[in-house]
Every structure is written in structure tokens, then in C-alpha cells.
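Below is one structure, written out as C-alpha cells; the observations come after it.
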Amino acid sequence: MIHIGIGWDLHRLKKRRRFLLGGVEIPFSKGEDGHSDGDVLAHAVCDALLGASSLGDIGELFPPSDPSYKGADSMKLIQNVHAMIKKTGWNIINLDCAIICEKPKILMYRDVIRKSLAKTLEISTDCIFIKGKTAEGLGQVGKGNAVEVYAVCLLENLLK
């Protein structure tokens with residue numbers, strides 16, 4: 001059996017925060033505002049995996065109302081989600097992500113982000129792709145006030 005999942009997340013950008021994508025800190029004058037560390041890519045990946053496996057969503061499992069997730073490392077959240085999906089027999093076939101922001105440019109960080117996600121998800125970098133896009137100056141993302149991510153995954157379960 002195979003399932004597809006989609007994840008989406010959007011975070012405001014603000015000064016004095018780290019800009020994190022897939023566990024990789026990218027030098028920039030602003031970073032994601034969030035209850036956890038704000039890693040918008042990690043959050044979208046979690047939701048894609050959870051949706052494909054029908055195990056919930058990130059807000060349900062790691063609610064921002066829970067103080068224990070204040071400043072949480074989002075890559076640890078991905079590790080928790082990955083353990084959950086593996087426990088129920090799901091394996092990741094591939095993951096495709098689009099990061100939408102005006103700045104910083106993503107291309108020069110793509111490979112290191114892919115390696116970070118691959119290590120955390122225990123899969124080959126060949127199974128992950130990252131695209132950087134802009135919003136062409138439109139909306140809050142286009143004005144440089146936010147970053148948005150879409151993540152799509154394909155999972156396989158040989159137990160079902």
C-alpha cells in the first residue's frame with residue numbers, strides 16, 4: 001500500500017531569531033517566529049509524514065499550548081514522527097519540498113538541507129528534493145515578512 005501526504009506551514013520572520021530550514025541555520029537578518037525553534041521546513045515535513053500515515057498532525061501531537069515545546073528542536077519532532085510512522089510499518093519513498101521566500105536564496109543551501117533531512121529520516125539524499133521559490137513580491141512572503149513551505153511525501157507500507 002502507498003499513501004501520499006502534503007504538509008504546509010507558514011511563519012512570520014522577525015529580527016533576533018535564527019533562520020532554520022531542515023535543521024540547518026542559514027545566515028540572515030531575520031528568522032522564523034514560532035513556539036518551537038520555528039523551522040518551517042521541519043514542520044511541513046512532519047505534517048506531510050503524519051498525513052500520509054494518518055497519524056495526526058503537528059499541532060495535535062506537539063501543540064503550541066504545551067510549554068514543553070517552547071523553543072523545541074524541530075528536527076527532534078521529525079525524529080519522533082519518523083519513529084511513529086516506522087512503528088506502524090511506513091517507509092519513506094520520497095520527499096519533495098518547496099520553500100517560498102524572497103530572501104535568503106535557498107539554492108546554495110539545498111544540498112546541506114537535503115543531507116540534514118536524509119540523516120534525520122534515515123534515507124538517502126536521492127529520496128529528497130528541495131526547491132527554493134519566491135513569491136514575486138506578492139503578499140507577506142513576497143514582502144519578506146514570512147516564509148512558506150510545501151512538503152509532499154510518498155510512503156509505502158508493506159504490512160497493510
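Letters for chains follow the order of the C-alpha cells (A, B, ...), residue numbers begin at 1 for each chain, and ligand numbers begin at 1 in the order shown.
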
Per residue of region 71-136 of chain A within 10 Å of region 46-54 of chain A, which atom pair is closest and at what distance in Å (one decimal), using only C-alpha atoms, listed by chain and increasing number, as JSON lines?
```
{"residue": "A:Ser74", "atom": "CA", "partner": "A:Cys46", "partner_atom": "CA", "distance": 9.1}
{"residue": "A:Met75", "atom": "CA", "partner": "A:Cys46", "partner_atom": "CA", "distance": 9.4}
{"residue": "A:Leu77", "atom": "CA", "partner": "A:Cys46", "partner_atom": "CA", "distance": 7.5}
{"residue": "A:Ile78", "atom": "CA", "partner": "A:Cys46", "partner_atom": "CA", "distance": 5.7}
{"residue": "A:Gln79", "atom": "CA", "partner": "A:Cys46", "partner_atom": "CA", "distance": 9.1}
{"residue": "A:Asn80", "atom": "CA", "partner": "A:Cys46", "partner_atom": "CA", "distance": 9.2}
{"residue": "A:Val81", "atom": "CA", "partner": "A:Cys46", "partner_atom": "CA", "distance": 6.4}
{"residue": "A:His82", "atom": "CA", "partner": "A:Leu49", "partner_atom": "CA", "distance": 7.7}
{"residue": "A:Met84", "atom": "CA", "partner": "A:Leu50", "partner_atom": "CA", "distance": 8.8}
{"residue": "A:Ile85", "atom": "CA", "partner": "A:Ser53", "partner_atom": "CA", "distance": 6.5}
{"residue": "A:Lys86", "atom": "CA", "partner": "A:Ser53", "partner_atom": "CA", "distance": 9.7}
{"residue": "A:Thr88", "atom": "CA", "partner": "A:Ser53", "partner_atom": "CA", "distance": 8.4}
{"residue": "A:Gly89", "atom": "CA", "partner": "A:Ser53", "partner_atom": "CA", "distance": 9.3}
{"residue": "A:Trp90", "atom": "CA", "partner": "A:Ser53", "partner_atom": "CA", "distance": 7.1}
{"residue": "A:Asn91", "atom": "CA", "partner": "A:Ser53", "partner_atom": "CA", "distance": 9.7}
{"residue": "A:Ile92", "atom": "CA", "partner": "A:Leu49", "partner_atom": "CA", "distance": 8.4}
{"residue": "A:Leu95", "atom": "CA", "partner": "A:Ala48", "partner_atom": "CA", "distance": 8.7}
{"residue": "A:Asp96", "atom": "CA", "partner": "A:Ala48", "partner_atom": "CA", "distance": 10.0}
{"residue": "A:Cys97", "atom": "CA", "partner": "A:Ala48", "partner_atom": "CA", "distance": 10.0}
```

Measuring atom to atom with only C-alpha atoms, identify which of A:Ile26, A:Leu155, A:Ile123, A:Leu20 is nearest to Lys105 (chain A).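 Answer, going by the shortest atom-to-atom distance: A:Ile26.
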
Just want the 6 Å neighbourhood of Ala42 (chain A), counted on only C-alpha atoms, with same-chain residues fewer than 2 positions away dropped. Output as a PyMOL selection string. chain A and resi 22+39-40+44-45+74

Can I get the selection written as a compact mmCIF listing (two decimals), in the first residue's frame, with C-alpha atoms?
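result.txt, freshly written:
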```txt
# COMPACT_ATOMS: atom_id res chain seq x y z
CA GLY A 22 15.57 21.36 7.89
CA ASP A 39 11.87 25.54 11.49
CA VAL A 40 9.09 25.89 8.94
CA ALA A 44 5.79 20.96 6.89
CA VAL A 45 7.70 17.66 6.61
CA SER A 74 12.08 20.77 15.27
```

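Taking CA of Ile6 (chain A) and CA of Ala146 (chain A) as endpoints, the distance between them is 19.9 Å.
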
Which of region 54-145 of chain A fall in strand (DSSP E), as a PyMOL selection string: chain A and resi 90-100+128-133

Rounded to one decimal, what separation in Å do you get between CA of His43 (chain A) and CA of Gly7 (chain A)? 7.8 Å

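Nearest to Phe28 (chain A) of all the residues A:Leu159, A:Val149, A:Lys76, A:Ile106 is A:Ile106, based on only C-alpha atoms.
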
Pick out the closest residue to Phe129 (chain A) from this set: A:Cys153, A:Ile2, A:Ile58, A:Cys101. Count only C-alpha atoms.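 Of all the options, A:Cys153 lies closest to Phe129 (chain A).
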
Can you pull out the residues contacting His35 (chain A)? Cut-off 9 Å, using only C-alpha atoms, and skip same-chain residues under 6 positions away; I want them as a PyMOL selection string. chain A and resi 64-65+67+69-72

At a cut-off of 10 Å, using only C-alpha atoms, what residues contact Leu13 (chain A)? Leave out same-chain residues fewer than 5 positions from it and give the result as a list in words.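 Final neighbour list, sorted by chain and number: Arg18, Phe19, Ser29, Lys30, Gly31, Glu32, Asp33, Gly34, Gly38, Gln140, Val141, Gly144, Asn145, Ala146 and Val147 of chain A.
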
Go ahead and save the picked residues with N, CA, C and O atoms, as a PDB file, in the first residue's frame.
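The result, written out as part04.pdb:
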```pdb
ATOM      1  N   ARG A  18      16.778  32.830  14.749  1.00  0.00           N
ATOM      2  CA  ARG A  18      17.584  32.077  13.786  1.00  0.00           C
ATOM      3  C   ARG A  18      16.707  31.671  12.609  1.00  0.00           C
ATOM      4  O   ARG A  18      15.536  31.347  12.787  1.00  0.00           O
ATOM      5  N   PHE A  19      17.284  31.667  11.418  1.00  0.00           N
ATOM      6  CA  PHE A  19      16.582  31.207  10.214  1.00  0.00           C
ATOM      7  C   PHE A  19      16.994  29.753  10.005  1.00  0.00           C
ATOM      8  O   PHE A  19      18.136  29.472   9.643  1.00  0.00           O
ATOM      9  N   SER A  29      19.230  38.140   8.352  1.00  0.00           N
ATOM     10  CA  SER A  29      18.942  39.177   9.340  1.00  0.00           C
ATOM     11  C   SER A  29      17.678  38.907  10.149  1.00  0.00           C
ATOM     12  O   SER A  29      17.447  39.549  11.172  1.00  0.00           O
ATOM     13  N   LYS A  30      16.847  37.959   9.696  1.00  0.00           N
ATOM     14  CA  LYS A  30      15.616  37.607  10.399  1.00  0.00           C
ATOM     15  C   LYS A  30      15.497  36.088  10.455  1.00  0.00           C
ATOM     16  O   LYS A  30      16.162  35.375   9.707  1.00  0.00           O
ATOM     17  N   GLY A  31      14.629  35.625  11.333  1.00  0.00           N
ATOM     18  CA  GLY A  31      14.377  34.198  11.439  1.00  0.00           C
ATOM     19  C   GLY A  31      12.909  33.937  11.680  1.00  0.00           C
ATOM     20  O   GLY A  31      12.119  34.866  11.876  1.00  0.00           O
ATOM     21  N   GLU A  32      12.543  32.663  11.686  1.00  0.00           N
ATOM     22  CA  GLU A  32      11.139  32.285  11.836  1.00  0.00           C
ATOM     23  C   GLU A  32      10.665  32.491  13.266  1.00  0.00           C
ATOM     24  O   GLU A  32      11.340  32.130  14.213  1.00  0.00           O
ATOM     25  N   ASP A  33       9.488  33.054  13.378  1.00  0.00           N
ATOM     26  CA  ASP A  33       8.832  33.243  14.661  1.00  0.00           C
ATOM     27  C   ASP A  33       7.957  32.018  14.898  1.00  0.00           C
ATOM     28  O   ASP A  33       7.145  31.649  14.057  1.00  0.00           O
ATOM     29  N   GLY A  34       8.154  31.353  16.013  1.00  0.00           N
ATOM     30  CA  GLY A  34       7.351  30.173  16.308  1.00  0.00           C
ATOM     31  C   GLY A  34       7.498  29.779  17.754  1.00  0.00           C
ATOM     32  O   GLY A  34       8.423  30.215  18.443  1.00  0.00           O
ATOM     33  N   GLY A  38      10.937  27.205  15.299  1.00  0.00           N
ATOM     34  CA  GLY A  38      10.374  27.879  14.129  1.00  0.00           C
ATOM     35  C   GLY A  38      10.759  27.289  12.793  1.00  0.00           C
ATOM     36  O   GLY A  38      10.442  27.876  11.757  1.00  0.00           O
ATOM     37  N   GLN A 140       2.613  38.653   2.093  1.00  0.00           N
ATOM     38  CA  GLN A 140       3.572  38.802   3.182  1.00  0.00           C
ATOM     39  C   GLN A 140       4.887  38.079   2.887  1.00  0.00           C
ATOM     40  O   GLN A 140       5.952  38.564   3.261  1.00  0.00           O
ATOM     41  N   VAL A 141       4.802  36.940   2.200  1.00  0.00           N
ATOM     42  CA  VAL A 141       6.025  36.232   1.815  1.00  0.00           C
ATOM     43  C   VAL A 141       6.805  37.090   0.821  1.00  0.00           C
ATOM     44  O   VAL A 141       8.013  37.276   0.956  1.00  0.00           O
ATOM     45  N   GLY A 144       8.827  39.859   2.166  1.00  0.00           N
ATOM     46  CA  GLY A 144       9.943  39.465   3.035  1.00  0.00           C
ATOM     47  C   GLY A 144       9.575  39.361   4.495  1.00  0.00           C
ATOM     48  O   GLY A 144      10.451  39.332   5.356  1.00  0.00           O
ATOM     49  N   ASN A 145       8.268  39.296   4.778  1.00  0.00           N
ATOM     50  CA  ASN A 145       7.812  39.227   6.162  1.00  0.00           C
ATOM     51  C   ASN A 145       7.500  37.807   6.635  1.00  0.00           C
ATOM     52  O   ASN A 145       7.151  37.607   7.798  1.00  0.00           O
ATOM     53  N   ALA A 146       7.579  36.829   5.725  1.00  0.00           N
ATOM     54  CA  ALA A 146       7.220  35.454   6.079  1.00  0.00           C
ATOM     55  C   ALA A 146       7.940  34.476   5.156  1.00  0.00           C
ATOM     56  O   ALA A 146       8.438  34.858   4.094  1.00  0.00           O
ATOM     57  N   VAL A 147       7.966  33.217   5.584  1.00  0.00           N
ATOM     58  CA  VAL A 147       8.492  32.122   4.776  1.00  0.00           C
ATOM     59  C   VAL A 147       7.439  31.016   4.802  1.00  0.00           C
ATOM     60  O   VAL A 147       6.804  30.771   5.832  1.00  0.00           O
TER      61      VAL A 147
END
```

Using the chain letters and numbers from this document, which residues of chain A does DSSP assign to helix (DSSP H, G or I), as a PyMOL selection string? chain A and resi 40-53+58-61+67-69+74-87+107-121+125-127+139-142
